[in-house]
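J.: So here's model_15.txt, just compact mmCIF, N, CA, C and O atoms:
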```
# COMPACT_ATOMS: atom_id res chain seq x y z
N MET A 1 0.82 -1.17 0.00
CA MET A 1 0.00 0.00 0.00
C MET A 1 0.88 1.25 0.00
O MET A 1 1.85 1.33 0.72
N SER A 2 0.50 2.18 -0.82
CA SER A 2 1.30 3.41 -0.88
C SER A 2 0.90 4.33 0.26
O SER A 2 -0.11 4.13 0.94
N SER A 3 1.68 5.35 0.47
CA SER A 3 1.41 6.26 1.58
C SER A 3 0.11 7.02 1.37
O SER A 3 -0.60 7.33 2.32
N ASN A 4 -0.24 7.31 0.11
CA ASN A 4 -1.52 7.99 -0.16
C ASN A 4 -2.70 7.09 0.19
O ASN A 4 -3.70 7.55 0.76
N GLU A 5 -2.57 5.80 -0.16
CA GLU A 5 -3.63 4.87 0.16
C GLU A 5 -3.77 4.71 1.68
O GLU A 5 -4.88 4.59 2.20
N GLN A 6 -2.64 4.73 2.37
CA GLN A 6 -2.69 4.64 3.84
C GLN A 6 -3.36 5.88 4.43
O GLN A 6 -4.17 5.78 5.35
N LEU A 7 -3.02 7.03 3.89
CA LEU A 7 -3.64 8.27 4.37
C LEU A 7 -5.15 8.27 4.11
O LEU A 7 -5.93 8.70 4.96
N ILE A 8 -5.54 7.77 2.94
CA ILE A 8 -6.97 7.70 2.62
C ILE A 8 -7.67 6.73 3.56
O ILE A 8 -8.77 7.00 4.05
N ALA A 9 -7.04 5.59 3.84
CA ALA A 9 -7.62 4.60 4.75
C ALA A 9 -7.77 5.19 6.15
O ALA A 9 -8.82 5.03 6.81
N VAL A 10 -6.75 5.88 6.63
CA VAL A 10 -6.80 6.51 7.96
C VAL A 10 -7.90 7.58 7.97
O VAL A 10 -8.68 7.69 8.92
N PHE A 11 -7.95 8.37 6.88
CA PHE A 11 -8.96 9.42 6.77
C PHE A 11 -10.37 8.81 6.80
O PHE A 11 -11.27 9.31 7.50
N GLN A 12 -10.57 7.72 6.03
CA GLN A 12 -11.87 7.06 6.02
C GLN A 12 -12.24 6.53 7.40
O GLN A 12 -13.39 6.65 7.84
N THR A 13 -11.28 5.97 8.08
CA THR A 13 -11.51 5.44 9.42
C THR A 13 -11.92 6.57 10.37
O THR A 13 -12.88 6.44 11.14
N ARG A 14 -11.22 7.67 10.28
CA ARG A 14 -11.54 8.81 11.16
C ARG A 14 -12.91 9.41 10.82
O ARG A 14 -13.65 9.80 11.71
N VAL A 15 -13.24 9.47 9.53
CA VAL A 15 -14.56 9.98 9.14
C VAL A 15 -15.65 9.05 9.67
O VAL A 15 -16.67 9.52 10.19
N ARG A 16 -15.45 7.73 9.55
CA ARG A 16 -16.42 6.78 10.10
C ARG A 16 -16.56 6.94 11.60
O ARG A 16 -17.67 6.93 12.15
N ASP A 17 -15.43 7.10 12.29
CA ASP A 17 -15.46 7.32 13.74
C ASP A 17 -16.22 8.61 14.08
O ASP A 17 -17.03 8.63 15.02
N LEU A 18 -15.96 9.65 13.31
CA LEU A 18 -16.66 10.92 13.53
C LEU A 18 -18.16 10.78 13.28
O LEU A 18 -18.98 11.32 14.03
N LEU A 19 -18.52 10.08 12.22
CA LEU A 19 -19.94 9.87 11.93
C LEU A 19 -20.62 9.06 13.04
O LEU A 19 -21.75 9.37 13.44
N GLU A 20 -19.92 8.03 13.52
CA GLU A 20 -20.48 7.23 14.61
C GLU A 20 -20.62 8.07 15.87
O GLU A 20 -21.65 8.01 16.55
N ARG A 21 -19.61 8.87 16.17
CA ARG A 21 -19.68 9.76 17.34
C ARG A 21 -20.82 10.77 17.17
O ARG A 21 -21.53 11.07 18.12
N PHE A 22 -20.99 11.28 15.94
CA PHE A 22 -22.09 12.22 15.66
C PHE A 22 -23.43 11.56 15.93
O PHE A 22 -24.32 12.16 16.55
N ARG A 23 -23.60 10.31 15.48
CA ARG A 23 -24.86 9.59 15.71
C ARG A 23 -25.11 9.40 17.21
O ARG A 23 -26.22 9.58 17.70
N GLN A 24 -24.05 9.05 17.95
CA GLN A 24 -24.18 8.87 19.39
C GLN A 24 -24.58 10.18 20.07
O GLN A 24 -25.48 10.20 20.93
N LEU A 25 -23.93 11.27 19.70
CA LEU A 25 -24.24 12.56 20.30
C LEU A 25 -25.65 13.02 19.93
O LEU A 25 -26.35 13.62 20.75
N LYS A 26 -26.05 12.71 18.69
CA LYS A 26 -27.40 13.07 18.27
C LYS A 26 -28.44 12.32 19.10
O LYS A 26 -29.43 12.91 19.55
N GLN A 27 -28.20 11.03 19.34
CA GLN A 27 -29.11 10.23 20.16
C GLN A 27 -29.11 10.74 21.61
O GLN A 27 -30.16 10.87 22.24
N GLU A 28 -27.93 11.03 22.13
CA GLU A 28 -27.83 11.55 23.49
C GLU A 28 -28.57 12.89 23.61
O GLU A 28 -29.27 13.13 24.59
N ASN A 29 -28.44 13.73 22.61
CA ASN A 29 -29.14 15.02 22.59
C ASN A 29 -30.66 14.81 22.60
O ASN A 29 -31.39 15.48 23.34
N ALA A 30 -31.13 13.87 21.79
CA ALA A 30 -32.57 13.59 21.75
C ALA A 30 -33.05 13.08 23.12
O ALA A 30 -34.11 13.49 23.60
N ASP A 31 -32.26 12.20 23.74
CA ASP A 31 -32.62 11.69 25.07
C ASP A 31 -32.66 12.82 26.10
O ASP A 31 -33.57 12.90 26.93
N LEU A 32 -31.68 13.72 26.03
CA LEU A 32 -31.65 14.84 26.98
C LEU A 32 -32.82 15.79 26.75
O LEU A 32 -33.40 16.30 27.72
N LEU A 33 -33.19 16.00 25.50
CA LEU A 33 -34.35 16.86 25.22
C LEU A 33 -35.63 16.25 25.78
O LEU A 33 -36.48 16.95 26.32
N LYS A 34 -35.76 14.92 25.66
CA LYS A 34 -36.93 14.25 26.25
C LYS A 34 -36.93 14.42 27.76
O LYS A 34 -37.99 14.66 28.36
N THR A 35 -35.77 14.29 28.37
CA THR A 35 -35.66 14.45 29.82
C THR A 35 -36.04 15.87 30.23
O THR A 35 -36.76 16.08 31.21
N VAL A 36 -35.57 16.86 29.47
CA VAL A 36 -35.89 18.25 29.77
C VAL A 36 -37.40 18.48 29.65
O VAL A 36 -38.01 19.12 30.52
N GLU A 37 -38.01 17.95 28.60
CA GLU A 37 -39.47 18.10 28.44
C GLU A 37 -40.22 17.45 29.60
O GLU A 37 -41.17 18.03 30.13
N LYS A 38 -39.78 16.27 30.00
CA LYS A 38 -40.42 15.58 31.13
C LYS A 38 -40.26 16.39 32.41
O LYS A 38 -41.20 16.56 33.17
N ASN A 39 -39.06 16.91 32.63
CA ASN A 39 -38.82 17.72 33.84
C ASN A 39 -39.66 18.99 33.83
O ASN A 39 -40.19 19.39 34.87
N GLU A 40 -39.80 19.62 32.68
CA GLU A 40 -40.64 20.82 32.58
C GLU A 40 -42.09 20.47 32.88
O GLU A 40 -42.78 21.23 33.57
N GLN A 41 -42.55 19.33 32.39
CA GLN A 41 -43.92 18.90 32.69
C GLN A 41 -44.08 18.63 34.18
O GLN A 41 -45.08 19.01 34.78
N ASP A 42 -43.08 17.97 34.77
CA ASP A 42 -43.12 17.71 36.22
C ASP A 42 -43.17 19.02 37.00
O ASP A 42 -43.91 19.14 37.98
N ILE A 43 -42.37 19.99 36.58
CA ILE A 43 -42.35 21.30 37.25
C ILE A 43 -43.72 21.95 37.13
O ILE A 43 -44.24 22.49 38.12
N ASN A 44 -44.32 21.91 35.96
CA ASN A 44 -45.65 22.50 35.78
C ASN A 44 -46.68 21.80 36.66
O ASN A 44 -47.54 22.45 37.26
N ASP A 45 -46.60 20.47 36.74
CA ASP A 45 -47.52 19.71 37.59
C ASP A 45 -47.33 20.09 39.06
O ASP A 45 -48.31 20.30 39.79
N LEU A 46 -46.06 20.20 39.48
CA LEU A 46 -45.78 20.56 40.86
C LEU A 46 -46.24 21.99 41.18
O LEU A 46 -46.73 22.26 42.27
N ARG A 47 -46.09 22.89 40.21
CA ARG A 47 -46.58 24.25 40.42
C ARG A 47 -48.09 24.26 40.58
O ARG A 47 -48.63 24.98 41.43
N ALA A 48 -48.77 23.45 39.78
CA ALA A 48 -50.23 23.36 39.89
C ALA A 48 -50.62 22.78 41.25
O ALA A 48 -51.55 23.26 41.90
N GLN A 49 -49.89 21.75 41.71
CA GLN A 49 -50.17 21.17 43.01
C GLN A 49 -49.91 22.18 44.13
O GLN A 49 -50.67 22.25 45.10
N LEU A 50 -48.83 22.96 43.98
CA LEU A 50 -48.52 23.97 44.99
C LEU A 50 -49.61 25.03 45.04
O LEU A 50 -50.05 25.43 46.13
N ALA A 51 -50.08 25.47 43.88
CA ALA A 51 -51.15 26.46 43.84
C ALA A 51 -52.41 25.90 44.49
O ALA A 51 -53.08 26.59 45.27
N GLN A 52 -52.73 24.65 44.20
CA GLN A 52 -53.90 24.01 44.81
C GLN A 52 -53.73 23.89 46.32
O GLN A 52 -54.66 24.15 47.09
N ALA A 53 -52.53 23.51 46.75
CA ALA A 53 -52.26 23.39 48.19
C ALA A 53 -52.39 24.75 48.88
O ALA A 53 -52.94 24.84 49.98
N ASN A 54 -51.90 25.80 48.22
CA ASN A 54 -52.04 27.14 48.79
C ASN A 54 -53.50 27.55 48.89
O ASN A 54 -53.93 28.12 49.90
N ASN A 55 -54.29 27.24 47.87
CA ASN A 55 -55.72 27.53 47.91
C ASN A 55 -56.41 26.75 49.03
O ASN A 55 -57.24 27.29 49.76
N ASP A 56 -56.06 25.47 49.14
CA ASP A 56 -56.63 24.64 50.20
C ASP A 56 -56.27 25.19 51.58
O ASP A 56 -57.10 25.24 52.48
N TYR A 57 -55.00 25.60 51.73
CA TYR A 57 -54.55 26.13 53.01
C TYR A 57 -55.29 27.42 53.36
O TYR A 57 -55.74 27.59 54.49
N THR A 58 -55.46 28.29 52.37
CA THR A 58 -56.19 29.54 52.60
C THR A 58 -57.63 29.25 53.00
O THR A 58 -58.17 29.86 53.93
N SER A 59 -58.26 28.31 52.31
CA SER A 59 -59.63 27.93 52.64
C SER A 59 -59.71 27.34 54.04
O SER A 59 -60.64 27.64 54.80
N LEU A 60 -58.74 26.51 54.39
CA LEU A 60 -58.72 25.90 55.71
C LEU A 60 -58.53 26.96 56.80
O LEU A 60 -59.19 26.91 57.84
N LYS A 61 -57.64 27.92 56.54
CA LYS A 61 -57.45 29.00 57.51
C LYS A 61 -58.74 29.77 57.72
O LYS A 61 -59.12 30.07 58.85
N LEU A 62 -59.42 30.08 56.63
CA LEU A 62 -60.67 30.82 56.72
C LEU A 62 -61.72 30.02 57.48
O LEU A 62 -62.40 30.55 58.35
N ALA A 63 -61.83 28.74 57.16
CA ALA A 63 -62.79 27.88 57.85
C ALA A 63 -62.45 27.80 59.34
O ALA A 63 -63.35 27.82 60.19
N LYS A 64 -61.17 27.70 59.66
CA LYS A 64 -60.76 27.62 61.06
C LYS A 64 -61.09 28.91 61.79
O LYS A 64 -61.55 28.89 62.92
N MET A 65 -60.89 30.07 61.11
CA MET A 65 -61.22 31.35 61.73
C MET A 65 -62.72 31.44 61.98
O MET A 65 -63.16 31.90 63.05
N ILE A 66 -63.51 30.99 61.04
CA ILE A 66 -64.97 31.00 61.22
C ILE A 66 -65.36 30.07 62.34
O ILE A 66 -66.22 30.41 63.16
N GLU A 67 -64.73 28.91 62.41
CA GLU A 67 -65.03 27.95 63.47
C GLU A 67 -64.69 28.54 64.83
O GLU A 67 -65.46 28.42 65.77
N ILE A 68 -63.55 29.20 64.93
CA ILE A 68 -63.17 29.82 66.20
C ILE A 68 -64.16 30.92 66.56
O ILE A 68 -64.60 31.04 67.69
N THR A 69 -64.55 31.71 65.58
CA THR A 69 -65.51 32.79 65.82
C THR A 69 -66.84 32.21 66.29
O THR A 69 -67.44 32.70 67.25
N ASP A 70 -67.31 31.15 65.63
CA ASP A 70 -68.55 30.50 66.05
C ASP A 70 -68.41 29.95 67.46
O ASP A 70 -69.32 30.05 68.27
N GLY A 71 -67.29 29.37 67.75
CA GLY A 71 -67.04 28.83 69.09
C GLY A 71 -67.02 29.95 70.11
O GLY A 71 -67.54 29.80 71.23
N ASP A 72 -66.44 31.08 69.78
CA ASP A 72 -66.42 32.21 70.70
C ASP A 72 -67.82 32.73 70.94
O ASP A 72 -68.17 33.10 72.06
N ILE A 73 -68.63 32.79 69.89
CA ILE A 73 -70.01 33.26 70.03
C ILE A 73 -70.78 32.31 70.95
O ILE A 73 -71.49 32.76 71.85
N GLU A 74 -70.61 31.02 70.74
CA GLU A 74 -71.31 30.03 71.57
C GLU A 74 -70.84 30.14 73.01
O GLU A 74 -71.64 30.10 73.95
N SER A 75 -69.55 30.29 73.20
CA SER A 75 -69.01 30.43 74.55
C SER A 75 -69.53 31.70 75.21
O SER A 75 -69.91 31.69 76.39
N ALA A 76 -69.58 32.80 74.45
CA ALA A 76 -70.11 34.05 74.99
C ALA A 76 -71.58 33.90 75.36
O ALA A 76 -72.03 34.40 76.41
N ARG A 77 -72.35 33.23 74.53
CA ARG A 77 -73.77 33.00 74.83
C ARG A 77 -73.92 32.21 76.13
O ARG A 77 -74.78 32.52 76.97
N ASN A 78 -73.10 31.20 76.30
CA ASN A 78 -73.16 30.38 77.51
C ASN A 78 -72.82 31.21 78.75
O ASN A 78 -73.47 31.09 79.79
N ARG A 79 -71.79 32.05 78.63
CA ARG A 79 -71.41 32.89 79.77
C ARG A 79 -72.52 33.88 80.10
O ARG A 79 -72.84 34.11 81.28
N ILE A 80 -73.12 34.49 79.08
CA ILE A 80 -74.21 35.44 79.31
C ILE A 80 -75.41 34.73 79.96
O ILE A 80 -76.01 35.26 80.90
N SER A 81 -75.73 33.54 79.48
CA SER A 81 -76.84 32.77 80.08
C SER A 81 -76.55 32.48 81.56
O SER A 81 -77.44 32.61 82.41
N LYS A 82 -75.31 32.11 81.85
CA LYS A 82 -74.94 31.84 83.24
C LYS A 82 -75.05 33.10 84.07
O LYS A 82 -75.57 33.08 85.21
N LEU A 83 -74.60 34.23 83.53
CA LEU A 83 -74.71 35.50 84.26
C LEU A 83 -76.17 35.87 84.51
O LEU A 83 -76.52 36.33 85.61
N VAL A 84 -77.03 35.66 83.53
CA VAL A 84 -78.46 35.96 83.70
C VAL A 84 -79.04 35.08 84.79
O VAL A 84 -79.81 35.56 85.64
N ARG A 85 -78.69 33.82 84.82
CA ARG A 85 -79.19 32.92 85.88
C ARG A 85 -78.70 33.38 87.25
O ARG A 85 -79.46 33.40 88.22
N ASP A 86 -77.42 33.76 87.31
CA ASP A 86 -76.88 34.25 88.59
C ASP A 86 -77.60 35.53 89.03
O ASP A 86 -77.92 35.69 90.22
N ILE A 87 -77.86 36.43 88.11
CA ILE A 87 -78.58 37.67 88.44
C ILE A 87 -79.99 37.36 88.91
O ILE A 87 -80.48 37.93 89.90
N ASN A 88 -80.64 36.42 88.24
CA ASN A 88 -82.00 36.03 88.66
C ASN A 88 -81.98 35.45 90.07
O ASN A 88 -82.87 35.73 90.88
N LYS A 89 -80.97 34.66 90.40
CA LYS A 89 -80.84 34.10 91.74
C LYS A 89 -80.67 35.22 92.77
O LYS A 89 -81.28 35.20 93.84
N CYS A 90 -79.84 36.19 92.40
CA CYS A 90 -79.61 37.32 93.32
C CYS A 90 -80.91 38.11 93.53
O CYS A 90 -81.21 38.53 94.67
N ILE A 91 -81.66 38.31 92.48
CA ILE A 91 -82.93 39.04 92.57
C ILE A 91 -83.89 38.30 93.48
O ILE A 91 -84.55 38.89 94.34
N VAL A 92 -83.95 36.99 93.32
CA VAL A 92 -84.82 36.17 94.16
C VAL A 92 -84.39 36.29 95.61
O VAL A 92 -85.22 36.46 96.52
N ILE A 93 -83.09 36.20 95.87
CA ILE A 93 -82.58 36.30 97.24
C ILE A 93 -82.90 37.67 97.83
O ILE A 93 -83.37 37.78 98.98
N LEU A 94 -82.68 38.72 97.05
CA LEU A 94 -82.97 40.08 97.53
C LEU A 94 -84.47 40.26 97.77
O LEU A 94 -84.88 40.92 98.74
N SER A 95 -85.28 39.71 96.91
CA SER A 95 -86.73 39.79 97.09
C SER A 95 -87.15 39.10 98.36
O SER A 95 -88.00 39.60 99.12
N ASP A 96 -86.58 37.94 98.63
CA ASP A 96 -86.91 37.19 99.85
C ASP A 96 -86.46 37.97 101.08
O ASP A 96 -87.18 38.00 102.09
N GLU A 97 -85.34 38.63 101.03
CA GLU A 97 -84.84 39.39 102.17
C GLU A 97 -85.71 40.61 102.44
O GLU A 97 -85.94 40.99 103.58
N GLN A 98 -86.21 41.24 101.39
CA GLN A 98 -87.04 42.42 101.57
C GLN A 98 -88.40 42.07 102.15
O GLN A 98 -89.01 42.83 102.86
N GLU A 99 -88.88 40.92 101.80
CA GLU A 99 -90.19 40.47 102.30
C GLU A 99 -90.09 40.12 103.77
O GLU A 99 -91.08 40.17 104.50
N GLN A 100 -88.97 39.76 104.25
CA GLN A 100 -88.87 39.31 105.65
C GLN A 100 -88.62 40.44 106.53
O GLN A 100 -88.52 41.37 106.93
```
Now that the file is in, can you turn its structure into structure tokens?

T.:
Amino acid sequence: MSSNEQLIAVFQTRVRDLLERFRQLKQENADLLKTVEKNEQDINDLRAQLAQANNDYTSLKLAKMIEITDGDIESARNRISKLVRDINKCIVILSDEQEQ
């Protein structure tokens, strides 16, 4: 084989190696793009879940505040009822003392 033929053979080998490497990189790039798309979809899903969780939390806080307010109203009503009963007892006692 002459030196030109050897150079051509080496050149062909390197071109084949480059083409094979190009195919590998092209496949790797396609795989990475799929991964990026999947990750972006996951991020969008997680953002939607976070927004829903924030809405749920806000609703729960509001419900809890209303529940506490209702509980306070009920507790206040009970205290007022007890005070009215105590006042009525005092009135009865005072009435009995005045009659005697």

J.: One number please: CA of Arg85 (chain A) to CA of Ile66 (chain A), in Å, one decimal.

T.: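 Here the two named atoms are 28.5 Å from each other.
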
J.: Could you check how far atom O of Glu74 (chain A) sits from atom O of Ser59 (chain A), in Å to one decimal?

T.: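 According to the coordinates, atom O of Glu74 (chain A) and atom O of Ser59 (chain A) are separated by 22.2 Å.
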
J.: Provide the atom N of Ile8 (chain A) to atom N of Glu20 (chain A) distance in Å, to one decimal place.

T.: 17.9 Å

J.: Taking every listed atom of region 42-61 of chain A and adding 3 Å to each side, what centre and edge lengths in Å (one decimal) does the axis-aligned box have, as lines of an AutoDock Vina configuration file?

T.:
```
center_x = -51.5
center_y = 23.9
center_z = 46.8
size_x = 24.3
size_y = 18.4
size_z = 30.1
```
